[in-house]
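Accompanying notes for the structure given below.
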Amino acid sequence: MNRYIKIVLIIVFSGVSLAGAEAQSGLAIKKVFDTYGKSKDAVMVELSMDVLQGYDFALFKSITVINNDAAAELARECIAIDEKDAKKVKQVVANGVPTSVYLQLPPRGKYHRLILYNHNRHPESKITLVYIETESDSEDILKLILKKK
Amino acid sequence: MMYISFTKVNQEELLRLIDSYYGGVTSVKDEKRLYKLLMHPSLKESYHAERAMLSYFKAERPSVKVTALTVLRRVAVVALLVVSGMFVVQYTTPKLQASYAYVNGVRVTDLATIRSEAISSLNDMPGVSTHINMSLTDVSSGQLIEEQLSVFSTIE
């Protein structure tokens with residue numbers, strides 16, 4: 001009987017573990033958040049549904065890293081990987097290096113996903129990486145992002 | 001009616017088992033064997049007490065058959081209890097705050113601080129600073145998101 005209880009508990013805990021998988025799992029940009037999210041000169045913010053009530057986003061996660069060329073290079077590499085399966089909405093290139101990239105990812109379940117990346121070099125090097133999950137059509141969210149002031 | 005005669009070997013075995021039975025050291029298998037020996041027709045006139053005792057306890061003891069269905073039922077009950085327990089824990093324990101920030105490696109959970117830190121990090125972004133200064137004193141989630149996203153909206 002003890003053996004059966006152990007089997008049941010293993011199955012239950014496995015299910016719980018799978019359910020707890022992170023939002024941007026499967027994306028290369030996760031590495032940027034994991035590597036630099038808690039480092040010095042970095043600000044990482046995650047706003048989830050409990051704060052985003054009434055807004056169109058289900059998840060908003062961003063990281064800003066200052067004066068870190070390695071972080072900028074890693075971000076560019078991760079964007080290059082994630083853009084393979086994505087629709088590139090906009091890209092700005094300066095001196096052959098992408099400074100801004102907007103990606104529309106394939107939906108996962110009921111969530112549409114966006115990645116936004118920007119790298120400012122003046123007065124100091126600052127990269128901003130934003131990951132958004134939304135139940136709304138990502139086209140509508142992009143219109144919100146790209147609206148003129 | 002034909003029956004196998006009760007041999008001397010059976011007799012010795014019977015006596016040994018009776019001694020063991022009274023000593024309380026018989027196994028279930030021994031008791032079954034003892035009961036079978038005592039039920040031999042040739043012993044009708046003997047061992048009344050022993051026969052009566054074993055017959056009494058045999059009648060009293062319910063036969064328990066553990067089938068595969070019984071095992072599955074027990075497993076299902078255990079699984080149901082575990083899952084129910086998890087739901088109870090999930091809905092009775094207070095939710096952990098899912099929104100957070102890390103600033104220079106230090107975790108921040110105060111929502112107002114989270115918002116202001118995110119806005120502060122964007123202060124140097126072109127086209128955002130004026131808008132952010134105006135909204136620093138009163139920031140909602142929607143404004144925070146719009147201000148972070150405004151970094152991209154200024155790009156032609």
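Starting from 1 in every chain, residues are counted up; chains themselves are A, B, ... following the order of the structure tokens, and ligands are numbered from 1 as listed.
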
task = Please provide the set of residues having any atom within 10 Å of Ser125 in chain A, restricted to only C-alpha atoms, with same-chain residues fewer than 2 positions apart removed, written as a ChimeraX atom specification.
result = /A:65-69,72,119-123,127

Neighbour list for range 30-36 of chain A as a ChimeraX atom specification, cut-off 8 Å, only C-alpha atoms, skip fewer than 4 positions in-chain = /A:24-26,42,44,63,65,71,74-75,78

Residues from the last selection, all heavy atoms, saved as a short mmCIF file (atom, residue, chain, number, x, y, z; two decimals), in the first residue's frame:
```
data_model
loop_
_atom_site.label_atom_id
_atom_site.label_comp_id
_atom_site.auth_asym_id
_atom_site.auth_seq_id
_atom_site.Cartn_x
_atom_site.Cartn_y
_atom_site.Cartn_z
N GLN A 24 7.86 32.86 -19.67
CA GLN A 24 8.62 32.95 -20.90
C GLN A 24 9.51 31.73 -21.10
O GLN A 24 10.54 31.79 -21.76
CB GLN A 24 9.43 34.25 -20.92
CG GLN A 24 10.52 34.35 -19.89
CD GLN A 24 10.02 34.93 -18.58
OE1 GLN A 24 8.89 34.74 -18.18
NE2 GLN A 24 10.87 35.66 -17.89
N SER A 25 9.10 30.61 -20.53
CA SER A 25 9.87 29.39 -20.75
C SER A 25 9.77 29.04 -22.23
O SER A 25 8.76 29.25 -22.88
CB SER A 25 9.32 28.26 -19.91
OG SER A 25 7.99 27.98 -20.26
N GLY A 26 10.87 28.51 -22.77
CA GLY A 26 10.88 28.20 -24.18
C GLY A 26 11.39 29.35 -25.03
O GLY A 26 11.61 29.18 -26.21
N ALA A 42 21.00 46.86 -12.74
CA ALA A 42 19.88 46.31 -13.50
C ALA A 42 18.60 46.50 -12.70
O ALA A 42 18.61 46.42 -11.47
CB ALA A 42 20.08 44.83 -13.79
N MET A 44 14.75 44.97 -12.84
CA MET A 44 13.83 44.02 -13.45
C MET A 44 12.48 44.16 -12.76
O MET A 44 12.41 44.20 -11.53
CB MET A 44 14.34 42.58 -13.30
CG MET A 44 13.42 41.55 -13.94
SD MET A 44 14.14 39.90 -14.00
CE MET A 44 14.12 39.42 -12.29
N ILE A 63 13.22 44.43 -18.24
CA ILE A 63 14.53 44.54 -17.60
C ILE A 63 15.27 45.69 -18.27
O ILE A 63 15.20 45.87 -19.49
CB ILE A 63 15.33 43.23 -17.69
CG1 ILE A 63 16.66 43.37 -16.96
CG2 ILE A 63 15.54 42.81 -19.13
CD1 ILE A 63 17.42 42.05 -16.80
N VAL A 65 19.16 47.34 -18.21
CA VAL A 65 20.53 47.14 -17.75
C VAL A 65 21.39 48.29 -18.26
O VAL A 65 21.32 48.64 -19.45
CB VAL A 65 21.10 45.79 -18.25
CG1 VAL A 65 22.48 45.55 -17.64
CG2 VAL A 65 20.17 44.65 -17.90
N ALA A 71 25.54 42.20 -21.43
CA ALA A 71 24.08 42.06 -21.38
C ALA A 71 23.47 42.47 -22.71
O ALA A 71 22.54 41.81 -23.20
CB ALA A 71 23.51 42.92 -20.25
N LEU A 74 24.15 39.70 -25.17
CA LEU A 74 23.30 38.55 -24.89
C LEU A 74 21.87 38.82 -25.33
O LEU A 74 21.22 37.96 -25.94
CB LEU A 74 23.32 38.21 -23.39
CG LEU A 74 22.40 37.06 -22.96
CD1 LEU A 74 22.81 35.74 -23.61
CD2 LEU A 74 22.39 36.91 -21.43
N ALA A 75 21.39 40.01 -25.06
CA ALA A 75 20.02 40.37 -25.46
C ALA A 75 19.88 40.29 -26.98
O ALA A 75 18.88 39.75 -27.49
CB ALA A 75 19.67 41.77 -24.97
N CYS A 78 19.77 36.64 -28.04
CA CYS A 78 18.50 36.00 -27.68
C CYS A 78 17.38 36.48 -28.61
O CYS A 78 16.53 35.69 -29.03
CB CYS A 78 18.15 36.30 -26.22
SG CYS A 78 19.25 35.51 -25.05
#
```

inquiry  = When you look at Lys87 in chain A with a cut-off of 9 Å (counting only C-alpha atoms), what residues show up, excluding the ones that are within fewer than 3 positions of it in the same chain? I need them as a count of residues only.
reply    = 7

task = Pick out the closest residue to chain B from this set: A:Lys126, A:Arg108, A:Arg76, A:Lys88. Count only C-alpha atoms.
result =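 With only C-alpha atoms as the atom set, the closest residue is A:Lys126.
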
Residue list for chain A near chain B as a list of chain:residue names, 6 Å, only C-alpha atoms =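 Therefore, the residues near the partner are A:Lys38, A:Ser39, A:Lys40, A:Asp41, A:Ala42, A:Val43, A:Met44, A:Val45, A:Glu46, A:Leu47, A:Ser48, A:Ile145, A:Leu146.
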
Selected residues written out, N, CA, C and O atoms, as a JSON list (two decimals), in the first residue's frame:
```
[["chain", "number", "residue", "atom", "x", "y", "z"],
["A", 38, "LYS", "N", 18.95, 40.10, -11.49],
["A", 38, "LYS", "CA", 19.28, 40.42, -10.09],
["A", 38, "LYS", "C", 20.68, 41.01, -9.96],
["A", 38, "LYS", "O", 21.27, 41.00, -8.88],
["A", 39, "SER", "N", 21.21, 41.50, -11.05],
["A", 39, "SER", "CA", 22.59, 41.99, -10.98],
["A", 39, "SER", "C", 22.60, 43.49, -10.70],
["A", 39, "SER", "O", 21.57, 44.18, -10.74],
["A", 40, "LYS", "N", 23.79, 43.98, -10.45],
["A", 40, "LYS", "CA", 23.97, 45.40, -10.17],
["A", 40, "LYS", "C", 23.72, 46.17, -11.46],
["A", 40, "LYS", "O", 23.95, 45.67, -12.56],
["A", 41, "ASP", "N", 23.25, 47.38, -11.30],
["A", 41, "ASP", "CA", 22.94, 48.24, -12.46],
["A", 41, "ASP", "C", 21.85, 47.66, -13.34],
["A", 41, "ASP", "O", 21.81, 47.91, -14.55],
["A", 42, "ALA", "N", 21.00, 46.86, -12.74],
["A", 42, "ALA", "CA", 19.88, 46.31, -13.50],
["A", 42, "ALA", "C", 18.60, 46.50, -12.70],
["A", 42, "ALA", "O", 18.61, 46.42, -11.47],
["A", 43, "VAL", "N", 17.52, 46.77, -13.42],
["A", 43, "VAL", "CA", 16.20, 46.86, -12.80],
["A", 43, "VAL", "C", 15.28, 45.91, -13.55],
["A", 43, "VAL", "O", 15.10, 46.05, -14.76],
["A", 44, "MET", "N", 14.75, 44.97, -12.84],
["A", 44, "MET", "CA", 13.83, 44.02, -13.45],
["A", 44, "MET", "C", 12.48, 44.16, -12.76],
["A", 44, "MET", "O", 12.41, 44.20, -11.53],
["A", 45, "VAL", "N", 11.45, 44.27, -13.54],
["A", 45, "VAL", "CA", 10.11, 44.46, -13.00],
["A", 45, "VAL", "C", 9.20, 43.42, -13.61],
["A", 45, "VAL", "O", 9.24, 43.16, -14.81],
["A", 46, "GLU", "N", 8.38, 42.81, -12.80],
["A", 46, "GLU", "CA", 7.36, 41.89, -13.29],
["A", 46, "GLU", "C", 6.02, 42.31, -12.71],
["A", 46, "GLU", "O", 5.87, 42.37, -11.48],
["A", 47, "LEU", "N", 5.10, 42.62, -13.57],
["A", 47, "LEU", "CA", 3.74, 42.98, -13.15],
["A", 47, "LEU", "C", 2.81, 41.88, -13.67],
["A", 47, "LEU", "O", 2.77, 41.62, -14.87],
["A", 48, "SER", "N", 2.11, 41.25, -12.76],
["A", 48, "SER", "CA", 1.24, 40.15, -13.20],
["A", 48, "SER", "C", -0.22, 40.52, -12.98],
["A", 48, "SER", "O", -0.55, 41.66, -12.66],
["A", 145, "ILE", "N", 1.15, 50.62, -28.54],
["A", 145, "ILE", "CA", 2.57, 50.93, -28.33],
["A", 145, "ILE", "C", 3.04, 51.96, -29.33],
["A", 145, "ILE", "O", 3.79, 52.88, -28.99],
["A", 146, "LEU", "N", 2.60, 51.81, -30.56],
["A", 146, "LEU", "CA", 3.13, 52.65, -31.63],
["A", 146, "LEU", "C", 2.34, 53.92, -31.85],
["A", 146, "LEU", "O", 2.63, 54.67, -32.77]]
```

query = What are the DSSP alpha helix (DSSP H) residues of range 6-85 of chain B, as number ranges by chain?
reply = B: 8-23, 28-38, 48-60, 68-85

query = In Å, how far is it from CA of Leu129 in chain A to CA of Lys110 in chain A?
reply =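 Straight-line distance from CA of Leu129 in chain A to CA of Lys110 in chain A works out to 22.8 Å.
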
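Among the candidates B:Ala112, B:Ala49, B:Leu54, B:Val77, the one nearest to Lys32 in chain B when counting only C-alpha atoms is B:Leu54.
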
request  = Using CA of Ala28 in chain A and CA of Thr113 in chain B as the two end points, give the distance in Å to one decimal.
outcome  = 28.6 Å

key: Pairwise distance for CA of Glu13 in chain B and CA of Ser27 in chain B, rounded to one decimal in Å   = 14.4 Å

request  = Name all residues at most 9 Å from Asp30 in chain B (count only C-alpha atoms; drop same-chain ones fewer than 6 positions away) and give them as a list of chain:residue names.
outcome  =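 Counting only C-alpha atoms, the residues come to B:Leu17, B:Ser20, B:Tyr21.
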